[in-house]
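Trainee: This is the structure I want to talk about, given as structure tokens.
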Amino acid sequence: MSFTTRAVGQPNTLDYRVFVEKDGKIVSPFHDIPLFADEANGIYNMVVEIPRWTNAKMEISKEDPLNPIKQDTKKGKLRYVRNAFPHHGYIWNYGALPQTWEDPNQTNSDTKCVGDNDPIDVCEIGEAIGHVGQVKQVKILGVMALIDEGETDWKVLAIDVNDPLAAKMNDVEDIERYMPGLLHATNEWFRIYKIPDGKPENQFAFGGEAKKEYTLDVIKETAEAWSDLISGKSNAGGIALANTQLGNANTVSAVDADNIAVGGIRQAAPVIDQSLHKWFFISGSKI
């Protein structure tokens, strides 16, 4: 299974879209890409929306057919995350788990808030910088429960299975052990990133992070919510359910999918000298 991307328009414009392809055919990154890459070994697929160090607020479009990745807008203007010192842009590869949905009609028993109506978010903390539309295979380590304007906004913490530290990382405690300071920086980033835009500091449920076991329950819950969404049991609202792989009433042909992505240009994965962007975690106790 090989995933590539097809771009329409130019970055940093209102028309820019990045479609995801599987084996050369357009798929929905929301509905068609399986949640699991290897369920027996607990390996998940993750769709990269925002590469580390970048500022453009790219996201899977729930409303557009086949759910391309596009830049979010507010009042007709493109949205960018501000640089809240000492952070620059997003400090991880940021994206989503496919075939999950945070149901806005369901109140979580722990956070006491409804879902935010999006696929569940992922912060991939490995050293390699991703690219928009990349499908990474990741290990789940933990989760943070951000309370964003009265909604539960889960932030799953994960690591690329190809990362040099992946074999050592199994739970949230391992993040602090092998990447000292990253959990604190992540908590701080989410608390303060909206302040430069005049909004209040965000809050977290249950003190911040949770362990892997709880995280897997959260993912299962959002996967079940997506299943209800795609099957019609839940009200889709304005969510586009078009897909090319599921074989249901909303499945479209490859020809129709190409027409949706008309004008798109197939993109090769960018060549990035990853050695220039590697994190170095310096523990104070070792200085």
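Order determines the names: the first chain of the structure tokens is A, the second B, and so forth; residues in each chain are numbered 1 upward, and ligands are numbered 1 upward as they are shown.
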What are the closest atom pairs, with distances in Å to one decimal, for each residue of stretch 87-135 of chain A lying within 10 Å of stretch 236-247 of chain A, using only C-alpha atoms, rows by chain and rising residue number, as CSV?
Mentor:
```
residue,atom,partner,partner_atom,distance
A:Asp103,CA,A:Ala236,CA,9.8
A:Asn117,CA,A:Ile239,CA,9.2
A:Asp118,CA,A:Ile239,CA,9.6
```
Trainee: Taking 3 positions as the minimum chain separation for residues in the same chain, which residues sit within 8 Å of stretch 128-134 of chain A when counting only C-alpha atoms? Answer as a PDB file with N, CA, C and O atoms, in the first residue's frame.
Mentor:
```pdb
ATOM      1  N   PHE A   3       1.067   5.413  -0.353  1.00  0.00           N
ATOM      2  CA  PHE A   3       0.322   6.668  -0.311  1.00  0.00           C
ATOM      3  C   PHE A   3       1.165   7.794  -0.900  1.00  0.00           C
ATOM      4  O   PHE A   3       2.351   7.925  -0.586  1.00  0.00           O
ATOM      5  N   THR A   4       0.543   8.604  -1.749  1.00  0.00           N
ATOM      6  CA  THR A   4       1.178   9.784  -2.318  1.00  0.00           C
ATOM      7  C   THR A   4       0.193  10.943  -2.202  1.00  0.00           C
ATOM      8  O   THR A   4      -0.915  10.785  -1.676  1.00  0.00           O
ATOM      9  N   THR A   5       0.580  12.105  -2.709  1.00  0.00           N
ATOM     10  CA  THR A   5      -0.300  13.267  -2.633  1.00  0.00           C
ATOM     11  C   THR A   5      -0.443  13.911  -4.006  1.00  0.00           C
ATOM     12  O   THR A   5       0.401  13.767  -4.887  1.00  0.00           O
ATOM     13  N   VAL A  18      -4.609  19.603  -0.833  1.00  0.00           N
ATOM     14  CA  VAL A  18      -3.738  18.436  -0.976  1.00  0.00           C
ATOM     15  C   VAL A  18      -4.610  17.196  -0.835  1.00  0.00           C
ATOM     16  O   VAL A  18      -5.176  16.935   0.227  1.00  0.00           O
ATOM     17  N   PHE A  19      -4.767  16.461  -1.932  1.00  0.00           N
ATOM     18  CA  PHE A  19      -5.499  15.200  -1.929  1.00  0.00           C
ATOM     19  C   PHE A  19      -4.523  14.056  -1.652  1.00  0.00           C
ATOM     20  O   PHE A  19      -3.356  14.118  -2.029  1.00  0.00           O
ATOM     21  N   VAL A  20      -5.026  13.030  -0.986  1.00  0.00           N
ATOM     22  CA  VAL A  20      -4.206  11.849  -0.693  1.00  0.00           C
ATOM     23  C   VAL A  20      -4.570  10.750  -1.684  1.00  0.00           C
ATOM     24  O   VAL A  20      -5.753  10.553  -2.007  1.00  0.00           O
ATOM     25  N   VAL A  47      -2.336  10.670   9.492  1.00  0.00           N
ATOM     26  CA  VAL A  47      -2.234  11.579   8.350  1.00  0.00           C
ATOM     27  C   VAL A  47      -1.616  12.886   8.829  1.00  0.00           C
ATOM     28  O   VAL A  47      -2.155  13.546   9.725  1.00  0.00           O
ATOM     29  N   VAL A  48      -0.475  13.265   8.249  1.00  0.00           N
ATOM     30  CA  VAL A  48       0.186  14.521   8.613  1.00  0.00           C
ATOM     31  C   VAL A  48      -0.551  15.680   7.941  1.00  0.00           C
ATOM     32  O   VAL A  48      -0.718  15.702   6.718  1.00  0.00           O
ATOM     33  N   GLU A  49      -0.992  16.610   8.756  1.00  0.00           N
ATOM     34  CA  GLU A  49      -1.624  17.824   8.245  1.00  0.00           C
ATOM     35  C   GLU A  49      -0.644  18.999   8.286  1.00  0.00           C
ATOM     36  O   GLU A  49      -0.589  19.808   7.359  1.00  0.00           O
ATOM     37  N   ILE A  50       0.120  19.085   9.375  1.00  0.00           N
ATOM     38  CA  ILE A  50       1.017  20.223   9.586  1.00  0.00           C
ATOM     39  C   ILE A  50       2.404  19.696   9.956  1.00  0.00           C
ATOM     40  O   ILE A  50       2.593  19.130  11.048  1.00  0.00           O
ATOM     41  N   PRO A  51       3.394  19.856   9.084  1.00  0.00           N
ATOM     42  CA  PRO A  51       4.749  19.424   9.429  1.00  0.00           C
ATOM     43  C   PRO A  51       5.344  20.273  10.556  1.00  0.00           C
ATOM     44  O   PRO A  51       4.984  21.451  10.720  1.00  0.00           O
ATOM     45  N   ARG A  52       6.236  19.673  11.309  1.00  0.00           N
ATOM     46  CA  ARG A  52       6.897  20.391  12.408  1.00  0.00           C
ATOM     47  C   ARG A  52       7.600  21.655  11.887  1.00  0.00           C
ATOM     48  O   ARG A  52       8.100  21.694  10.785  1.00  0.00           O
ATOM     49  N   ILE A  69      -6.823  18.039   2.284  1.00  0.00           N
ATOM     50  CA  ILE A  69      -6.222  18.867   3.330  1.00  0.00           C
ATOM     51  C   ILE A  69      -6.097  20.286   2.788  1.00  0.00           C
ATOM     52  O   ILE A  69      -5.568  20.498   1.694  1.00  0.00           O
ATOM     53  N   ASN A  93       5.123  16.936  14.320  1.00  0.00           N
ATOM     54  CA  ASN A  93       4.290  16.697  13.141  1.00  0.00           C
ATOM     55  C   ASN A  93       2.864  16.511  13.647  1.00  0.00           C
ATOM     56  O   ASN A  93       2.597  15.615  14.449  1.00  0.00           O
ATOM     57  N   ASP A 163      11.252   5.779  13.786  1.00  0.00           N
ATOM     58  CA  ASP A 163      12.138   6.649  14.553  1.00  0.00           C
ATOM     59  C   ASP A 163      13.145   5.819  15.343  1.00  0.00           C
ATOM     60  O   ASP A 163      12.807   4.736  15.853  1.00  0.00           O
ATOM     61  N   ALA A 269       7.440  12.881  -2.585  1.00  0.00           N
ATOM     62  CA  ALA A 269       7.765  13.282  -1.222  1.00  0.00           C
ATOM     63  C   ALA A 269       8.973  14.212  -1.252  1.00  0.00           C
ATOM     64  O   ALA A 269       9.958  13.932  -1.947  1.00  0.00           O
ATOM     65  N   PRO A 270       8.919  15.347  -0.541  1.00  0.00           N
ATOM     66  CA  PRO A 270      10.048  16.279  -0.576  1.00  0.00           C
ATOM     67  C   PRO A 270      11.309  15.666   0.017  1.00  0.00           C
ATOM     68  O   PRO A 270      11.243  14.844   0.932  1.00  0.00           O
ATOM     69  N   ILE A 272      14.195  16.026   2.318  1.00  0.00           N
ATOM     70  CA  ILE A 272      14.522  16.840   3.493  1.00  0.00           C
ATOM     71  C   ILE A 272      15.767  16.275   4.160  1.00  0.00           C
ATOM     72  O   ILE A 272      15.834  15.075   4.432  1.00  0.00           O
ATOM     73  N   GLN A 274      17.086  15.463   7.058  1.00  0.00           N
ATOM     74  CA  GLN A 274      16.523  15.346   8.401  1.00  0.00           C
ATOM     75  C   GLN A 274      17.549  15.635   9.487  1.00  0.00           C
ATOM     76  O   GLN A 274      17.191  16.001  10.614  1.00  0.00           O
ATOM     77  N   HIS A 277      17.229  18.940  11.276  1.00  0.00           N
ATOM     78  CA  HIS A 277      16.017  19.238  12.043  1.00  0.00           C
ATOM     79  C   HIS A 277      15.843  18.324  13.257  1.00  0.00           C
ATOM     80  O   HIS A 277      14.823  18.396  13.944  1.00  0.00           O
ATOM     81  N   LYS A 278      16.804  17.480  13.508  1.00  0.00           N
ATOM     82  CA  LYS A 278      16.698  16.535  14.617  1.00  0.00           C
ATOM     83  C   LYS A 278      16.660  17.269  15.952  1.00  0.00           C
ATOM     84  O   LYS A 278      17.383  18.240  16.177  1.00  0.00           O
TER      85      LYS A 278
END
```
Trainee: Name the closest residue to A:Trp53 among the candidates A:Gly198, A:Lys136, A:Asp15, A:Trp279; distances are taken between atoms, counting only C-alpha atoms.
Mentor: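 So, comparing all the options, the nearest one is A:Trp279.
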Trainee: Going by DSSP on the backbone, which residues of stretch 44-200 of chain A come out as strand (DSSP E)? List them as a ChimeraX atom specification.
Mentor: /A:44-50,58-60,69-71,73-74,77-78,93-96,114-115,121-124,135-148,151-160
Trainee: Rounded to one decimal in Å, what is the spacing between atom CA of A:Thr54 and atom CA of A:His87?
Mentor: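 Taking atom CA of A:Thr54 as the start and atom CA of A:His87 as the end point, the length is 10.9 Å.
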Trainee: One number please: atom CA of A:Val135 to atom CA of A:Asn45, in Å, one decimal.
Mentor: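 One can read the atom CA of A:Val135 to atom CA of A:Asn45 distance as 6.4 Å.
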Trainee: For A:Gly89, which residue out of A:Gly150, A:Ala225, A:Asn41, A:Phe190 is the nearest one, using only C-alpha atoms?
Mentor: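 Comparing A:Gly150, A:Ala225, A:Asn41, A:Phe190 against A:Gly89, the winner is A:Phe190.
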Trainee: Using only C-alpha atoms, which residues sit within 8 Å of A:Lys155 once same-chain residues fewer than 6 positions away are excluded, as a ChimeraX atom specification?
Mentor: /A:120-123,143-146
Trainee: Since we have the selection now, will you write its residues out, keeping C-alpha atoms, as an mmCIF file, in the first residue's frame?
Mentor:
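Ended up saving to out_34.cif:
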```cif
data_model
loop_
_atom_site.group_PDB
_atom_site.id
_atom_site.type_symbol
_atom_site.label_atom_id
_atom_site.label_comp_id
_atom_site.auth_asym_id
_atom_site.auth_seq_id
_atom_site.Cartn_x
_atom_site.Cartn_y
_atom_site.Cartn_z
ATOM 1 C CA ILE A 120 -8.815 12.815 16.694
ATOM 2 C CA ASP A 121 -5.611 14.887 16.656
ATOM 3 C CA VAL A 122 -2.098 13.428 16.841
ATOM 4 C CA CYS A 123 1.223 14.954 17.844
ATOM 5 C CA VAL A 143 -2.980 11.552 25.282
ATOM 6 C CA MET A 144 -3.714 15.057 26.541
ATOM 7 C CA ALA A 145 -7.298 16.231 26.975
ATOM 8 C CA LEU A 146 -7.414 19.856 25.893
#
```
Trainee: Can you work out the spacing between atom CA of A:Pro200 and atom CA of A:Lys57 in Å, to one decimal?
Mentor: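 Rounded to one decimal, the two atoms are 19.1 Å apart.
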Trainee: Skipping near chain neighbours, those fewer than 6 positions away, what residues fall within 12 Å of A:Asp174 using only C-alpha atoms, listed as a list in words?
Mentor: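 The residues satisfying every condition are Ile125, Ile140, Leu141, Gly142, Leu157, Ala158, Ile159, Leu165, Ala166, Ala167, Lys168, Pro180, Gly181, Leu182, Leu183, Lys211 and Lys212 of chain A.
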Trainee: Applying 7 Å and only C-alpha atoms, which residues near A:Arg17 remain after dropping the ones on its own chain fewer than 6 positions away? List them as a ChimeraX atom specification.
Mentor: /A:7-9,68-70
Trainee: A:Asp23, A:Glu201, A:Glu59, A:Glu224: which is nearest A:Glu149, counting only C-alpha atoms?
Mentor: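 Of A:Asp23, A:Glu201, A:Glu59, A:Glu224, the one nearest A:Glu149, counting only C-alpha atoms, is A:Glu201.
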Trainee: What are the nearest atom pairs, with distances in Å to one decimal, for all residues of stretch 64-177 of chain A that come at most 9 Å from stretch 35-40 of chain A, using only C-alpha atoms, set out by chain and rising residue number as JSON lines?
Mentor:
```
{"residue": "A:Leu97", "atom": "CA", "partner": "A:Leu35", "partner_atom": "CA", "distance": 6.4}
{"residue": "A:Pro98", "atom": "CA", "partner": "A:Leu35", "partner_atom": "CA", "distance": 5.3}
{"residue": "A:Gln99", "atom": "CA", "partner": "A:Leu35", "partner_atom": "CA", "distance": 5.6}
{"residue": "A:Thr100", "atom": "CA", "partner": "A:Leu35", "partner_atom": "CA", "distance": 7.6}
{"residue": "A:Gln137", "atom": "CA", "partner": "A:Ala37", "partner_atom": "CA", "distance": 6.5}
{"residue": "A:Val138", "atom": "CA", "partner": "A:Ala37", "partner_atom": "CA", "distance": 8.6}
```
Trainee: For the residues in the current selection, export N, CA and C atoms as a PDB file, in the first residue's frame.
Mentor:
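Output file part-v6.pdb follows:
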```pdb
ATOM      1  N   LEU A  97      -5.784  10.829  13.234  1.00  0.00           N
ATOM      2  CA  LEU A  97      -5.989   9.408  12.991  1.00  0.00           C
ATOM      3  C   LEU A  97      -7.199   9.258  12.079  1.00  0.00           C
ATOM      4  N   PRO A  98      -7.056   8.564  10.939  1.00  0.00           N
ATOM      5  CA  PRO A  98      -8.196   8.366  10.047  1.00  0.00           C
ATOM      6  C   PRO A  98      -9.241   7.460  10.693  1.00  0.00           C
ATOM      7  N   GLN A  99     -10.451   7.526  10.165  1.00  0.00           N
ATOM      8  CA  GLN A  99     -11.564   6.703  10.633  1.00  0.00           C
ATOM      9  C   GLN A  99     -11.813   6.873  12.134  1.00  0.00           C
ATOM     10  N   THR A 100     -11.638   8.125  12.610  1.00  0.00           N
ATOM     11  CA  THR A 100     -12.043   8.493  13.974  1.00  0.00           C
ATOM     12  C   THR A 100     -12.831   9.791  13.883  1.00  0.00           C
ATOM     13  N   GLN A 137       3.138   5.625   9.938  1.00  0.00           N
ATOM     14  CA  GLN A 137       2.748   4.536  10.833  1.00  0.00           C
ATOM     15  C   GLN A 137       3.331   4.854  12.201  1.00  0.00           C
ATOM     16  N   VAL A 138       2.470   4.837  13.223  1.00  0.00           N
ATOM     17  CA  VAL A 138       2.890   5.339  14.531  1.00  0.00           C
ATOM     18  C   VAL A 138       2.510   4.392  15.671  1.00  0.00           C
TER      19      VAL A 138
END
```
Trainee: Rank A:Ser61, A:Thr13, A:Asn108, A:Ser28 by their smallest atom-to-atom distance to A:Leu78, using only C-alpha atoms, and report the top residue only.
Mentor: A:Thr13
Trainee: Show which residues sit within 8 Å of A:Ala257, as a list in words. Count only C-alpha atoms, and ignore same-chain residues fewer than 4 positions away.
Mentor: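 So, after excluding close chain neighbours, the residues are Ile26, Val27, Leu66, Thr244, Val252, Ser253 and Ala261 of chain A.
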Trainee: I need the chosen residues saved as a short mmCIF file (atom, residue, chain, number, x, y, z; two decimals), in the first residue's frame, with C-alpha atoms.
Mentor:
```cif
data_model
loop_
_atom_site.label_atom_id
_atom_site.label_comp_id
_atom_site.auth_asym_id
_atom_site.auth_seq_id
_atom_site.Cartn_x
_atom_site.Cartn_y
_atom_site.Cartn_z
CA ILE A 26 -7.62 9.46 -4.82
CA VAL A 27 -8.83 8.42 -1.37
CA LEU A 66 -13.03 13.33 -0.43
CA THR A 244 -13.58 5.58 -2.90
CA VAL A 252 -17.60 7.44 -5.80
CA SER A 253 -15.77 6.07 -8.83
CA ALA A 261 -9.27 16.76 -7.82
#
```
Trainee: Find the residues near A:Cys113: any atom within 6 Å, counting only C-alpha atoms, skip ones fewer than 5 places away on the same chain, and give them as an MDAnalysis selection string.
Mentor: chainID A and resid 107:108 151:152
Trainee: Given the choices A:Lys25, A:Ala56, A:Arg79, A:Asp160, which gets closest to A:Val255 if the distance is worked out from only C-alpha atoms?
Mentor: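 Between A:Lys25, A:Ala56, A:Arg79, A:Asp160, the residue approaching A:Val255 most closely is A:Lys25.
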Trainee: Between A:Trp154, A:Ala249, A:Met169, A:Arg177, which one has atoms that come closest to A:Gly232, using only C-alpha atoms?
Mentor: A:Ala249
